[in-house]
$ cat work00.txt   # compact mmCIF, C-alpha atoms
# COMPACT_ATOMS: atom_id res chain seq x y z
CA MET A 621 85.51 26.07 62.19
CA ALA A 622 85.17 27.06 65.80
CA SER A 623 88.85 26.48 66.22
CA THR A 624 89.58 28.90 63.37
CA TRP A 625 87.51 31.59 65.09
CA ALA A 626 89.24 30.79 68.34
CA LYS A 627 92.59 31.18 66.63
CA ILE A 628 91.59 34.50 65.15
CA ALA A 629 90.31 35.71 68.51
CA LEU A 630 93.48 34.54 70.19
CA ALA A 631 95.59 36.30 67.56
CA GLY A 632 93.50 39.43 68.12
CA VAL A 633 94.01 39.31 71.86
CA PHE A 634 97.70 38.69 71.34
CA ALA A 635 97.99 41.66 68.97
CA VAL A 636 96.26 43.95 71.45
CA VAL A 637 98.42 42.76 74.34
CA ALA A 638 101.62 43.00 72.29
CA GLY A 639 100.62 46.43 70.99
CA GLY A 640 99.79 47.57 74.48
CA ALA A 641 103.06 46.23 75.82
CA ALA A 642 105.02 47.91 73.03
CA ALA A 643 103.16 51.18 73.60
CA TYR A 644 103.84 50.92 77.32
CA ALA A 645 107.51 50.18 76.73
CA LEU A 646 107.80 53.18 74.42
CA THR A 647 105.85 55.62 76.57
CA ARG A 648 106.49 54.68 80.20
CA PRO A 649 108.27 57.21 82.43
CA ALA A 650 112.02 56.92 81.86
CA PRO A 651 114.15 58.35 84.66
CA HIS A 652 117.93 58.33 84.40
CA PRO A 653 119.69 55.28 85.92
CA ALA A 654 120.21 55.93 89.65
CA ASP A 655 124.01 56.28 89.36
CA TYR A 656 123.57 59.16 86.89
CA TRP A 657 122.96 61.47 89.84
CA ALA A 658 125.61 59.94 92.15
CA GLY A 659 128.94 61.44 93.15
CA LEU A 660 128.24 65.06 92.23
CA GLY A 661 129.50 66.33 95.58
CA ALA A 662 128.58 69.53 97.39
CA PRO A 663 126.61 71.98 95.24
CA ASP A 664 127.99 75.37 94.19
CA VAL A 665 125.15 77.43 95.64
CA ALA A 666 126.25 80.67 93.95
CA ASN A 667 126.06 78.99 90.55
CA GLY A 668 122.73 77.53 91.67
CA GLU A 669 121.41 81.05 92.19
CA HIS A 670 122.51 82.07 88.67
CA LEU A 671 120.58 79.11 87.27
CA PHE A 672 117.60 80.05 89.45
CA TRP A 673 117.46 83.47 87.75
CA ALA A 674 118.29 82.09 84.30
CA GLY A 675 115.40 79.65 84.64
CA GLY A 676 113.06 82.26 86.08
CA CYS A 677 111.63 79.78 88.61
CA VAL A 678 109.94 82.69 90.41
CA SER A 679 107.83 83.66 87.40
CA CYS A 680 105.66 80.57 87.91
CA HIS A 681 106.47 79.21 91.38
CA ALA A 682 106.43 82.43 93.47
CA PRO A 683 103.13 84.14 94.39
CA LYS A 684 101.88 86.55 91.73
CA ASP A 685 103.27 90.09 92.08
CA ALA A 686 105.81 88.99 94.73
CA LYS A 687 108.68 91.47 94.95
CA GLY A 688 112.15 91.37 96.47
CA GLU A 689 112.79 88.63 99.00
CA ASP A 690 109.16 87.42 98.79
CA GLN A 691 110.03 86.13 95.32
CA LYS A 692 112.18 83.50 96.95
CA VAL A 693 109.24 81.80 98.66
CA LEU A 694 108.42 79.26 95.95
CA SER A 695 105.01 78.40 97.38
CA GLY A 696 103.35 77.72 94.02
CA GLY A 697 99.64 78.25 93.55
CA ARG A 698 99.66 80.37 90.43
CA ALA A 699 97.13 79.31 87.79
CA LEU A 700 98.41 78.76 84.27
CA PRO A 701 95.56 78.83 81.74
CA THR A 702 96.27 76.88 78.54
CA ALA A 703 94.40 75.33 75.60
CA PHE A 704 94.42 72.01 77.48
CA GLY A 705 93.01 73.29 80.79
CA THR A 706 94.28 75.15 83.84
CA PHE A 707 97.48 74.07 85.52
CA HIS A 708 98.12 75.00 89.16
CA VAL A 709 101.80 75.49 89.79
CA PRO A 710 103.15 73.32 92.65
CA ASN A 711 105.03 74.35 95.77
CA ILE A 712 108.78 73.74 95.26
CA SER A 713 109.91 75.35 98.52
CA PRO A 714 111.96 73.16 100.92
CA ASP A 715 108.91 72.35 103.09
CA PRO A 716 109.06 68.56 103.77
CA GLU A 717 105.29 68.08 103.43
CA ALA A 718 104.03 70.71 100.97
CA GLY A 719 107.23 71.28 99.03
CA ILE A 720 110.24 69.30 97.84
CA GLY A 721 112.09 69.15 101.18
CA ARG A 722 112.18 65.35 101.21
CA TRP A 723 113.15 64.90 97.58
CA THR A 724 116.48 63.30 96.68
CA LEU A 725 118.75 64.82 94.05
CA ALA A 726 117.76 61.94 91.74
CA GLN A 727 114.05 62.77 92.17
CA PHE A 728 114.70 66.47 91.54
CA GLY A 729 117.02 65.75 88.62
CA ASP A 730 114.62 63.34 86.93
CA ALA A 731 111.79 65.86 87.30
CA MET A 732 113.99 68.57 85.75
CA THR A 733 115.55 66.60 82.90
CA ARG A 734 113.22 63.63 82.25
CA GLY A 735 109.81 64.98 83.25
CA VAL A 736 109.37 62.20 85.81
CA GLY A 737 107.82 63.00 89.20
CA PRO A 738 108.86 61.63 92.61
CA GLN A 739 106.38 58.72 92.36
CA GLY A 740 107.73 57.80 88.95
CA GLU A 741 104.82 59.51 87.15
CA HIS A 742 104.93 61.60 83.98
CA LEU A 743 104.94 65.37 84.58
CA TYR A 744 103.02 67.79 82.37
CA PRO A 745 105.22 69.73 79.95
CA SER A 746 103.74 73.00 81.25
CA PHE A 747 106.77 72.47 83.50
CA PRO A 748 109.42 73.01 80.81
CA TYR A 749 111.50 69.88 81.38
CA SER A 750 111.84 69.48 77.63
CA SER A 751 114.16 72.51 77.85
CA TYR A 752 115.76 71.68 81.23
CA ALA A 753 116.66 68.26 79.75
CA ARG A 754 119.72 70.02 78.29
CA MET A 755 121.06 71.06 81.70
CA THR A 756 124.26 69.45 82.96
CA ARG A 757 124.17 67.21 86.02
CA ALA A 758 126.41 69.62 87.88
CA ASP A 759 124.06 72.55 87.20
CA VAL A 760 121.02 70.53 88.34
CA ASN A 761 122.89 69.66 91.54
CA ASP A 762 123.80 73.33 92.11
CA LEU A 763 120.25 74.54 91.50
CA PHE A 764 118.86 71.90 93.88
CA GLY A 765 121.38 73.02 96.48
CA TYR A 766 120.31 76.65 96.07
CA LEU A 767 116.57 75.89 96.25
CA LYS A 768 117.16 74.18 99.61
CA THR A 769 118.47 77.47 101.04
CA LEU A 770 115.15 79.29 100.31
CA PRO A 771 112.31 79.77 102.82
CA ALA A 772 109.77 76.95 103.25
CA SER A 773 106.04 77.40 102.62
CA GLN A 774 103.17 75.14 103.63
CA ASN A 775 100.93 76.23 100.78
CA VAL A 776 99.30 73.38 98.83
CA ALA A 777 98.23 74.17 95.27
CA PRO A 778 94.90 72.82 93.99
CA PRO A 779 95.02 69.93 91.50
CA HIS A 780 95.22 70.71 87.77
CA GLU A 781 91.88 71.20 86.01
CA LEU A 782 92.26 69.43 82.70
CA GLY A 783 89.74 67.94 80.28
CA PHE A 784 89.78 64.37 78.98
CA PRO A 785 92.14 62.93 77.75
CA PHE A 786 94.72 65.43 78.98
CA ASN A 787 93.86 64.58 82.60
CA LEU A 788 95.39 61.11 82.07
CA ARG A 789 99.10 61.26 82.76
CA VAL A 790 99.64 58.08 80.76
CA THR A 791 98.95 60.10 77.59
CA LEU A 792 102.03 62.19 78.35
CA GLY A 793 104.17 59.22 77.40
CA GLY A 794 102.87 59.63 73.86
CA TRP A 795 103.59 63.36 73.97
CA LYS A 796 107.14 62.68 75.09
CA LEU A 797 107.58 60.05 72.37
CA LEU A 798 106.58 62.65 69.78
CA PHE A 799 108.21 65.78 71.15
CA PHE A 800 110.65 65.18 74.00
CA SER A 801 114.32 65.43 73.12
CA ALA A 802 117.50 66.61 74.79
CA ASP A 803 119.21 67.26 71.45
CA PRO A 804 120.26 70.78 70.36
CA ARG A 805 117.33 72.72 68.87
CA VAL A 806 119.41 74.06 66.02
CA ALA A 807 122.71 73.06 64.42
CA LEU A 808 125.22 75.91 64.49
CA ASP A 809 128.24 76.25 62.21
CA ASN A 810 131.46 76.43 64.16
CA PRO A 811 130.01 78.28 67.18
CA SER A 812 132.24 80.43 69.40
CA ASP A 813 132.41 79.71 73.13
CA ALA A 814 130.01 82.62 73.74
CA VAL A 815 127.50 81.23 71.22
CA LYS A 816 127.76 77.78 72.83
CA ARG A 817 127.16 79.28 76.27
CA GLY A 818 124.21 81.22 74.85
CA GLN A 819 122.83 78.07 73.27
CA TYR A 820 123.02 76.31 76.62
CA LEU A 821 121.26 79.16 78.43
CA VAL A 822 118.55 79.76 75.81
CA GLU A 823 117.77 76.13 74.91
CA GLY A 824 118.28 74.77 78.44
CA PRO A 825 117.66 76.61 81.72
CA GLY A 826 116.35 79.82 80.11
CA HIS A 827 113.69 77.85 78.17
CA CYS A 828 113.11 80.85 75.87
CA GLY A 829 111.73 78.64 73.10
CA GLU A 830 108.82 77.49 75.27
CA CYS A 831 107.08 80.80 74.51
CA HIS A 832 109.00 82.09 71.49
CA THR A 833 108.53 78.98 69.30
CA PRO A 834 105.10 78.30 67.75
CA ARG A 835 103.35 75.04 68.69
CA ASN A 836 101.13 72.59 66.82
CA ALA A 837 97.70 71.36 67.97
CA LEU A 838 99.28 68.71 70.21
CA GLY A 839 101.49 71.22 71.99
CA GLY A 840 104.74 70.25 70.28
CA PHE A 841 107.07 72.75 68.60
CA GLU A 842 106.48 73.33 64.89
CA SER A 843 109.57 72.05 63.15
CA GLY A 844 111.92 74.55 61.56
CA GLN A 845 110.33 77.46 63.44
CA TRP A 846 112.71 77.69 66.43
CA LEU A 847 112.24 81.10 68.15
CA ALA A 848 110.06 82.31 65.25
CA GLY A 849 107.29 83.59 67.55
CA GLY A 850 103.56 83.11 67.19
CA PRO A 851 100.21 83.68 68.88
CA ASN A 852 100.39 84.18 72.65
CA PRO A 853 99.23 80.90 74.23
CA GLU A 854 98.19 82.76 77.40
CA GLY A 855 95.79 85.14 75.68
CA GLU A 856 95.83 88.18 73.45
CA GLY A 857 98.73 89.45 71.43
CA ARG A 858 101.66 87.75 69.77
CA ILE A 859 105.01 86.46 71.01
CA PRO A 860 107.73 88.10 68.92
CA ASN A 861 110.02 86.35 66.49
CA ILE A 862 113.48 86.70 68.06
CA THR A 863 115.53 85.18 65.22
CA PRO A 864 117.76 87.52 63.18
CA GLY A 865 115.00 87.59 60.52
CA GLY A 866 112.27 88.86 62.85
CA LYS A 867 111.18 92.50 62.90
CA ALA A 868 111.28 92.57 66.72
CA ILE A 869 115.02 92.43 67.26
CA GLY A 870 116.40 91.61 63.80
CA SER A 871 117.95 95.07 63.49
CA TRP A 872 119.40 95.11 67.03
CA SER A 873 123.10 94.62 67.66
CA GLU A 874 124.34 92.04 70.15
CA GLY A 875 124.99 94.93 72.53
CA ASP A 876 121.40 96.14 72.11
CA ILE A 877 120.05 92.67 73.00
CA ALA A 878 122.28 92.31 76.05
CA ASN A 879 121.38 95.82 77.21
CA TYR A 880 117.66 95.09 76.78
CA LEU A 881 117.97 91.94 78.90
CA GLU A 882 119.85 93.89 81.56
CA THR A 883 117.77 97.10 81.69
CA GLY A 884 114.44 96.30 79.99
CA PHE A 885 114.92 99.12 77.48
CA THR A 886 114.96 98.62 73.71
CA PRO A 887 117.42 100.67 71.63
CA GLU A 888 114.57 103.18 71.09
CA PHE A 889 113.98 103.29 74.87
CA ASP A 890 110.72 101.51 74.51
CA SER A 891 110.33 99.00 77.34
CA ALA A 892 109.47 95.33 77.76
CA GLY A 893 105.78 94.40 78.04
CA GLY A 894 103.61 91.51 79.24
CA SER A 895 105.27 88.47 80.77
CA MET A 896 108.63 89.53 79.26
CA VAL A 897 108.83 92.15 82.05
CA GLU A 898 109.31 89.40 84.64
CA VAL A 899 111.62 87.42 82.37
CA GLN A 900 113.80 90.48 81.86
CA GLN A 901 113.85 91.23 85.60
CA ASN A 902 114.98 87.66 86.28
CA LEU A 903 117.66 87.77 83.59
CA SER A 904 119.00 91.08 84.91
CA HIS A 905 120.47 89.06 87.82
CA LEU A 906 122.81 87.19 85.43
CA PRO A 907 126.45 88.15 84.86
CA LYS A 908 126.90 90.45 81.85
CA SER A 909 128.96 87.76 80.13
CA ASP A 910 125.91 85.46 80.14
CA LEU A 911 123.65 88.17 78.71
CA ALA A 912 126.24 88.79 75.98
CA ALA A 913 126.31 85.04 75.31
CA ILE A 914 122.51 84.93 74.91
CA ALA A 915 122.77 87.84 72.49
CA ALA A 916 125.52 86.13 70.49
CA TYR A 917 123.42 82.96 70.21
CA LEU A 918 120.30 84.86 69.12
CA LYS A 919 122.36 86.38 66.30
CA ALA A 920 123.60 82.90 65.30
CA VAL A 921 120.28 81.01 65.03
CA PRO A 922 118.65 80.51 61.60
CA SER A 923 116.63 83.48 60.35
CA ARG A 924 112.85 83.01 60.23
CA MET B 576 93.86 117.55 31.82
CA LYS B 577 91.65 119.64 34.02
CA PHE B 578 89.98 116.45 35.16
CA LYS B 579 93.34 114.93 36.08
CA ILE B 580 94.32 117.95 38.14
CA MET B 581 90.97 117.91 39.89
CA THR B 582 91.31 114.20 40.64
CA ALA B 583 94.80 114.71 41.98
CA GLY B 584 93.59 117.62 44.08
CA LEU B 585 90.70 115.63 45.46
CA LEU B 586 92.99 112.72 46.18
CA ALA B 587 95.44 114.98 48.00
CA LEU B 588 92.59 116.49 49.99
CA CYS B 589 91.33 113.03 50.96
CA LEU B 590 94.79 111.87 51.95
CA GLY B 591 95.35 115.04 53.97
CA ALA B 592 92.00 114.62 55.68
CA GLY B 593 92.89 111.01 56.34
CA VAL B 594 96.06 112.01 58.15
CA VAL B 595 94.29 114.65 60.22
CA PHE B 596 91.56 112.15 61.02
CA ALA B 597 94.09 109.52 62.11
CA ALA B 598 96.04 112.02 64.24
CA GLY B 599 92.85 112.87 66.16
CA GLU B 600 92.10 109.28 67.04
CA PRO B 601 92.78 108.37 70.69
CA GLN B 602 94.96 105.45 69.59
CA ALA B 603 97.22 107.86 67.68
CA GLU B 604 97.21 110.43 70.49
CA ARG B 605 98.31 107.94 73.12
CA GLN B 606 100.88 106.36 70.83
CA ALA B 607 102.35 109.82 70.25
CA LEU B 608 102.51 110.44 74.01
CA MET B 609 104.31 107.11 74.55
CA LYS B 610 106.77 108.05 71.80
CA LYS B 611 107.44 111.33 73.63
CA ILE B 612 108.10 109.46 76.88
CA GLY B 613 110.32 106.97 75.05
CA GLY B 614 112.23 109.79 73.36
CA SER B 615 112.81 111.50 76.70
CA MET B 616 113.93 108.23 78.28
CA GLY B 617 116.35 107.95 75.35
CA GLU B 618 117.79 111.40 76.14
CA LEU B 619 118.31 110.34 79.76
CA GLY B 620 119.63 106.94 78.71
CA ALA B 621 122.28 108.45 76.44
CA ILE B 622 123.56 110.47 79.40
CA ALA B 623 123.33 107.53 81.82
CA LYS B 624 125.35 105.35 79.43
CA GLY B 625 127.92 108.09 78.84
CA GLN B 626 127.12 108.40 75.13
CA LYS B 627 126.34 112.08 75.66
CA PRO B 628 127.81 114.46 78.25
CA TYR B 629 125.65 115.44 81.23
CA ASP B 630 123.54 118.46 80.43
CA ALA B 631 121.16 119.90 83.05
CA ALA B 632 118.82 121.51 80.50
CA THR B 633 118.38 118.22 78.61
CA VAL B 634 117.64 116.33 81.84
CA LYS B 635 115.12 118.95 82.94
CA THR B 636 113.30 118.97 79.60
CA ALA B 637 113.20 115.17 79.49
CA LEU B 638 111.79 114.83 83.01
CA THR B 639 109.22 117.58 82.41
CA THR B 640 108.09 115.91 79.18
CA ILE B 641 107.77 112.52 80.90
CA SER B 642 105.75 113.98 83.75
CA ALA B 643 103.35 115.90 81.51
CA SER B 644 102.92 113.06 79.00
CA ALA B 645 102.28 110.40 81.66
CA LYS B 646 99.71 112.70 83.30
CA ASP B 647 97.82 113.16 80.04
CA PHE B 648 98.27 109.58 78.81
CA PRO B 649 95.30 107.84 80.53
CA ASN B 650 92.89 110.49 79.14
CA HIS B 651 93.14 108.87 75.73
CA PHE B 652 91.45 105.53 76.38
CA PRO B 653 87.73 106.27 75.76
CA ALA B 654 85.27 103.45 75.15
CA GLY B 655 85.47 102.44 71.49
CA SER B 656 89.24 102.81 71.26
CA GLU B 657 89.93 99.26 72.50
CA THR B 658 91.12 98.06 69.11
CA GLY B 659 92.42 99.41 65.84
CA MET B 660 95.46 101.28 64.57
CA GLU B 661 97.77 98.51 65.79
CA THR B 662 97.03 99.39 69.38
CA ALA B 663 98.99 97.36 71.91
CA ALA B 664 96.58 98.36 74.69
CA SER B 665 95.34 95.40 76.70
CA PRO B 666 91.58 94.95 77.31
CA ALA B 667 92.58 94.84 81.00
CA ILE B 668 92.91 98.66 80.87
CA TRP B 669 89.15 99.08 80.52
CA GLN B 670 88.47 96.52 83.26
CA ASN B 671 90.84 98.24 85.73
CA MET B 672 90.75 101.86 84.61
CA ASP B 673 91.44 103.24 88.09
CA ASP B 674 94.53 101.11 88.58
CA PHE B 675 95.68 101.90 85.06
CA LYS B 676 95.35 105.63 85.74
CA ALA B 677 97.16 105.26 89.08
CA LYS B 678 100.08 103.50 87.39
CA SER B 679 100.42 106.21 84.76
CA MET B 680 100.15 108.92 87.42
CA LYS B 681 102.90 107.19 89.41
CA LEU B 682 105.29 107.65 86.51
CA SER B 683 104.28 111.30 86.33
CA SER B 684 104.77 111.92 90.06
CA ASP B 685 108.02 109.93 90.16
CA ALA B 686 109.32 112.13 87.34
CA ASP B 687 108.27 115.20 89.37
CA THR B 688 110.09 113.86 92.45
CA VAL B 689 113.27 113.22 90.46
CA LEU B 690 112.98 116.69 88.94
CA ALA B 691 112.60 118.29 92.38
CA SER B 692 115.94 116.87 93.49
CA MET B 693 117.44 117.36 89.99
CA PRO B 694 120.00 114.62 89.14
CA ALA B 695 123.35 116.39 89.06
CA ASP B 696 125.60 113.93 87.23
CA GLN B 697 125.72 110.84 85.04
CA ALA B 698 125.31 108.41 87.97
CA ALA B 699 122.27 110.26 89.32
CA VAL B 700 120.65 110.17 85.88
CA GLY B 701 121.28 106.41 85.82
CA GLN B 702 119.50 106.06 89.16
CA ALA B 703 116.57 108.13 87.91
CA MET B 704 116.37 105.82 84.87
CA GLN B 705 116.00 102.85 87.19
CA THR B 706 113.16 104.44 89.15
CA LEU B 707 111.27 105.52 86.04
CA GLY B 708 112.09 102.30 84.17
CA ALA B 709 110.48 100.26 86.94
CA ASP B 710 107.27 102.27 86.42
CA CYS B 711 107.39 101.50 82.67
CA GLY B 712 107.78 97.79 83.40
CA THR B 713 105.06 97.57 86.06
CA CYS B 714 102.45 99.17 83.85
CA HIS B 715 103.47 97.43 80.62
CA GLN B 716 103.38 94.07 82.36
CA ALA B 717 99.71 94.48 83.21
CA TYR B 718 98.34 96.66 80.44
CA ARG B 719 100.34 96.29 77.28
CA LEU B 720 99.86 93.42 74.87
CA LYS B 721 102.73 91.45 73.47
CA ARG B 722 103.31 92.36 69.88
$ encode --input "work00.txt" --output "structure tokens"
Amino acid sequence: MASTWAKIALAGVFAVVAGGAAAYALTRPAPHPADYWAGLGAPDVANGEHLFWAGGCVSCHAPKDAKGEDQKVLSGGRALPTAFGTFHVPNISPDPEAGIGRWTLAQFGDAMTRGVGPQGEHLYPSFPYSSYARMTRADVNDLFGYLKTLPASQNVAPPHELGFPFNLRVTLGGWKLLFFSADPRVALDNPSDAVKRGQYLVEGPGHCGECHTPRNALGGFESGQWLAGGPNPEGEGRIPNITPGGKAIGSWSEGDIANYLETGFTPEFDSAGGSMVEVQQNLSHLPKSDLAAIAAYLKAVPSR
Amino acid sequence: MKFKIMTAGLLALCLGAGVVFAAGEPQAERQALMKKIGGSMGELGAIAKGQKPYDAATVKTALTTISASAKDFPNHFPAGSETGMETAASPAIWQNMDDFKAKSMKLSSDADTVLASMPADQAAVGQAMQTLGADCGTCHQAYRLKR
């Protein structure tokens, strides 16, 4: 009899260990193999700067209200209030101690595209790596090269203030298992080159969907609602639906959208508001062809 | 029959009163002022983009309207008008009323400055648009809710 109980207990222990091992295998940080980042050569710093503005790094990593050249000091420190707690944005200036000056391209690339930090830890998706995952290796290399040309800062941001269980990075493995993907967000019928470029910019470096797509209680995107807008996660108001079916820009032409991104003015000469002001100012640094590509893509996504 | 006419008359009166009532609300007043500024920016924008030929009188009227409207604008945010009528006004306005007023006055004085040196061609109107547009963005960033 005792041996039966022992067997059951043993089976129980085995199940827990096996389950734990399986869960660990499924949810552990998964950087790219080291050779993924090898052999990319010297970065194209000019392209890196385009990606820097497309991604709007300054909107989170530069000091609040920084203007002009001060925007290029990516000292971090801004607080990002969310439903899960307050995130404090890190210093990504080239300072070797406080910033990312000692990082390798592989460390930077895995942070950008796999959400894995320099110690092999999971990063919080408040850093939008689930969008940047779509960036090409060459673009990541160029962006890294550009960031190294910016001024260093010794600022150290405070640690994140998150409640249990969100303060445990191990839980992020589960989040990634549920929501992380580098696949296209929407399937497009026979897209033109401009639409494909727009898809890359919007779904990848531009990370537009991070605000413009509604999220579920666990912080993942609601399926089938790509760019459909929703409540503002940072506070009052709503984030507009920017699909062709939305009332925000549904009636705009591609030219209207591109002009808005360049100048900040709607076709009625209303102007951008809230955090879109900064986004628009960042995007205004892009070549007109890229703004036209974003507009073409926004006209091609499914109506919601 | 008489009753029907009276009902219709009453209804019309109520509706009319409703419109007058709504137009007097601060939310409606300030929305109308913003529409005036937007309309004037549109006049300037059409010239800047070359959709309409340069016309000094149009530019002057537009700049004057922007200056006057932006000056009056912050007078229409009394306590009690924080919500309602689809207002996009941020609660931050009432917490930082002085800064909010200063930002609106900056648009007004920038419009005056541009007017004093009177943009003389399409390119100059484009430059004026950039100056004034930056004022729109700065204030909307802090004090206008996303919709």
$ atom_distance --input "work00.txt" --atom1 "atom CA of Arg924 of chain A" --atom2 "atom CA of Phe704 of chain A"
27.5 Å
$ residues_around --input "work00.txt" --residues "Trp723 of chain A" --least-positions-apart "6" --cutoff "10 Å" --atoms "only C-alpha atoms" --output "ChimeraX atom specification"
/A:714,716,729,738,764
$ interface_residues --input "work00.txt" --of "chain A" --to "chain B" --cutoff "9 Å" --atoms "only C-alpha atoms" --output "MDAnalysis selection string"
chainID A and resid 852 856:860 868 883:885 887:898
$ write_last_selection --input "work00.txt" --atoms "C-alpha atoms" --output "PDB file, in the coordinates of the input"
ATOM      1  CA  ASN A 852     100.390  84.180  72.650  1.00  0.00           C
ATOM      2  CA  GLU A 856      95.830  88.180  73.450  1.00  0.00           C
ATOM      3  CA  GLY A 857      98.730  89.450  71.430  1.00  0.00           C
ATOM      4  CA  ARG A 858     101.660  87.750  69.770  1.00  0.00           C
ATOM      5  CA  ILE A 859     105.010  86.460  71.010  1.00  0.00           C
ATOM      6  CA  PRO A 860     107.730  88.100  68.920  1.00  0.00           C
ATOM      7  CA  ALA A 868     111.280  92.570  66.720  1.00  0.00           C
ATOM      8  CA  THR A 883     117.770  97.100  81.690  1.00  0.00           C
ATOM      9  CA  GLY A 884     114.440  96.300  79.990  1.00  0.00           C
ATOM     10  CA  PHE A 885     114.920  99.120  77.480  1.00  0.00           C
ATOM     11  CA  PRO A 887     117.420 100.670  71.630  1.00  0.00           C
ATOM     12  CA  GLU A 888     114.570 103.180  71.090  1.00  0.00           C
ATOM     13  CA  PHE A 889     113.980 103.290  74.870  1.00  0.00           C
ATOM     14  CA  ASP A 890     110.720 101.510  74.510  1.00  0.00           C
ATOM     15  CA  SER A 891     110.330  99.000  77.340  1.00  0.00           C
ATOM     16  CA  ALA A 892     109.470  95.330  77.760  1.00  0.00           C
ATOM     17  CA  GLY A 893     105.780  94.400  78.040  1.00  0.00           C
ATOM     18  CA  GLY A 894     103.610  91.510  79.240  1.00  0.00           C
ATOM     19  CA  SER A 895     105.270  88.470  80.770  1.00  0.00           C
ATOM     20  CA  MET A 896     108.630  89.530  79.260  1.00  0.00           C
ATOM     21  CA  VAL A 897     108.830  92.150  82.050  1.00  0.00           C
ATOM     22  CA  GLU A 898     109.310  89.400  84.640  1.00  0.00           C
TER      23      GLU A 898
END
$ residues_near_point --input "work00.txt" --point "(107.4, 82.6, 86.6)" --cutoff "12 Å" --atoms "all atoms listed in the file" --output "PyMOL selection string"
chain A and resi 672-686+691-692+694-700+709-710+746-748+826-827+895-903
$ write_last_selection --input "work00.txt" --atoms "C-alpha atoms" --output "short mmCIF file (atom, residue, chain, number, x, y, z; two decimals), keeping the file's coordinate frame"
data_model
loop_
_atom_site.label_atom_id
_atom_site.label_comp_id
_atom_site.auth_asym_id
_atom_site.auth_seq_id
_atom_site.Cartn_x
_atom_site.Cartn_y
_atom_site.Cartn_z
CA PHE A 672 117.60 80.05 89.45
CA TRP A 673 117.46 83.47 87.75
CA ALA A 674 118.29 82.09 84.30
CA GLY A 675 115.40 79.65 84.64
CA GLY A 676 113.06 82.26 86.08
CA CYS A 677 111.63 79.78 88.61
CA VAL A 678 109.94 82.69 90.41
CA SER A 679 107.83 83.66 87.40
CA CYS A 680 105.66 80.57 87.91
CA HIS A 681 106.47 79.21 91.38
CA ALA A 682 106.43 82.43 93.47
CA PRO A 683 103.13 84.14 94.39
CA LYS A 684 101.88 86.55 91.73
CA ASP A 685 103.27 90.09 92.08
CA ALA A 686 105.81 88.99 94.73
CA GLN A 691 110.03 86.13 95.32
CA LYS A 692 112.18 83.50 96.95
CA LEU A 694 108.42 79.26 95.95
CA SER A 695 105.01 78.40 97.38
CA GLY A 696 103.35 77.72 94.02
CA GLY A 697 99.64 78.25 93.55
CA ARG A 698 99.66 80.37 90.43
CA ALA A 699 97.13 79.31 87.79
CA LEU A 700 98.41 78.76 84.27
CA VAL A 709 101.80 75.49 89.79
CA PRO A 710 103.15 73.32 92.65
CA SER A 746 103.74 73.00 81.25
CA PHE A 747 106.77 72.47 83.50
CA PRO A 748 109.42 73.01 80.81
CA GLY A 826 116.35 79.82 80.11
CA HIS A 827 113.69 77.85 78.17
CA SER A 895 105.27 88.47 80.77
CA MET A 896 108.63 89.53 79.26
CA VAL A 897 108.83 92.15 82.05
CA GLU A 898 109.31 89.40 84.64
CA VAL A 899 111.62 87.42 82.37
CA GLN A 900 113.80 90.48 81.86
CA GLN A 901 113.85 91.23 85.60
CA ASN A 902 114.98 87.66 86.28
CA LEU A 903 117.66 87.77 83.59
#
$ atom_distance --input "work00.txt" --atom1 "atom CA of Gly829 of chain A" --atom2 "atom CA of Ala848 of chain A"
8.8 Å
$ residues_around --input "work00.txt" --residues "Met680 of chain B" --least-positions-apart "4" --cutoff "12 Å" --atoms "only C-alpha atoms" --output "list in words"
Ile641, Ser642, Ala643, Ser644, Ala645, Lys646, Asp647, Phe648, Pro649, Asn650, Asp673, Asp674, Phe675, Lys676, Ser684, Asp685, Ala686, Asp687, Leu707, Asp710, Cys711 and Cys714 of chain B
$ write_last_selection --input "work00.txt" --atoms "C-alpha atoms" --output "PDB file, in the coordinates of the input"
ATOM      1  CA  ILE B 641     107.770 112.520  80.900  1.00  0.00           C
ATOM      2  CA  SER B 642     105.750 113.980  83.750  1.00  0.00           C
ATOM      3  CA  ALA B 643     103.350 115.900  81.510  1.00  0.00           C
ATOM      4  CA  SER B 644     102.920 113.060  79.000  1.00  0.00           C
ATOM      5  CA  ALA B 645     102.280 110.400  81.660  1.00  0.00           C
ATOM      6  CA  LYS B 646      99.710 112.700  83.300  1.00  0.00           C
ATOM      7  CA  ASP B 647      97.820 113.160  80.040  1.00  0.00           C
ATOM      8  CA  PHE B 648      98.270 109.580  78.810  1.00  0.00           C
ATOM      9  CA  PRO B 649      95.300 107.840  80.530  1.00  0.00           C
ATOM     10  CA  ASN B 650      92.890 110.490  79.140  1.00  0.00           C
ATOM     11  CA  ASP B 673      91.440 103.240  88.090  1.00  0.00           C
ATOM     12  CA  ASP B 674      94.530 101.110  88.580  1.00  0.00           C
ATOM     13  CA  PHE B 675      95.680 101.900  85.060  1.00  0.00           C
ATOM     14  CA  LYS B 676      95.350 105.630  85.740  1.00  0.00           C
ATOM     15  CA  SER B 684     104.770 111.920  90.060  1.00  0.00           C
ATOM     16  CA  ASP B 685     108.020 109.930  90.160  1.00  0.00           C
ATOM     17  CA  ALA B 686     109.320 112.130  87.340  1.00  0.00           C
ATOM     18  CA  ASP B 687     108.270 115.200  89.370  1.00  0.00           C
ATOM     19  CA  LEU B 707     111.270 105.520  86.040  1.00  0.00           C
ATOM     20  CA  ASP B 710     107.270 102.270  86.420  1.00  0.00           C
ATOM     21  CA  CYS B 711     107.390 101.500  82.670  1.00  0.00           C
ATOM     22  CA  CYS B 714     102.450  99.170  83.850  1.00  0.00           C
TER      23      CYS B 714
END
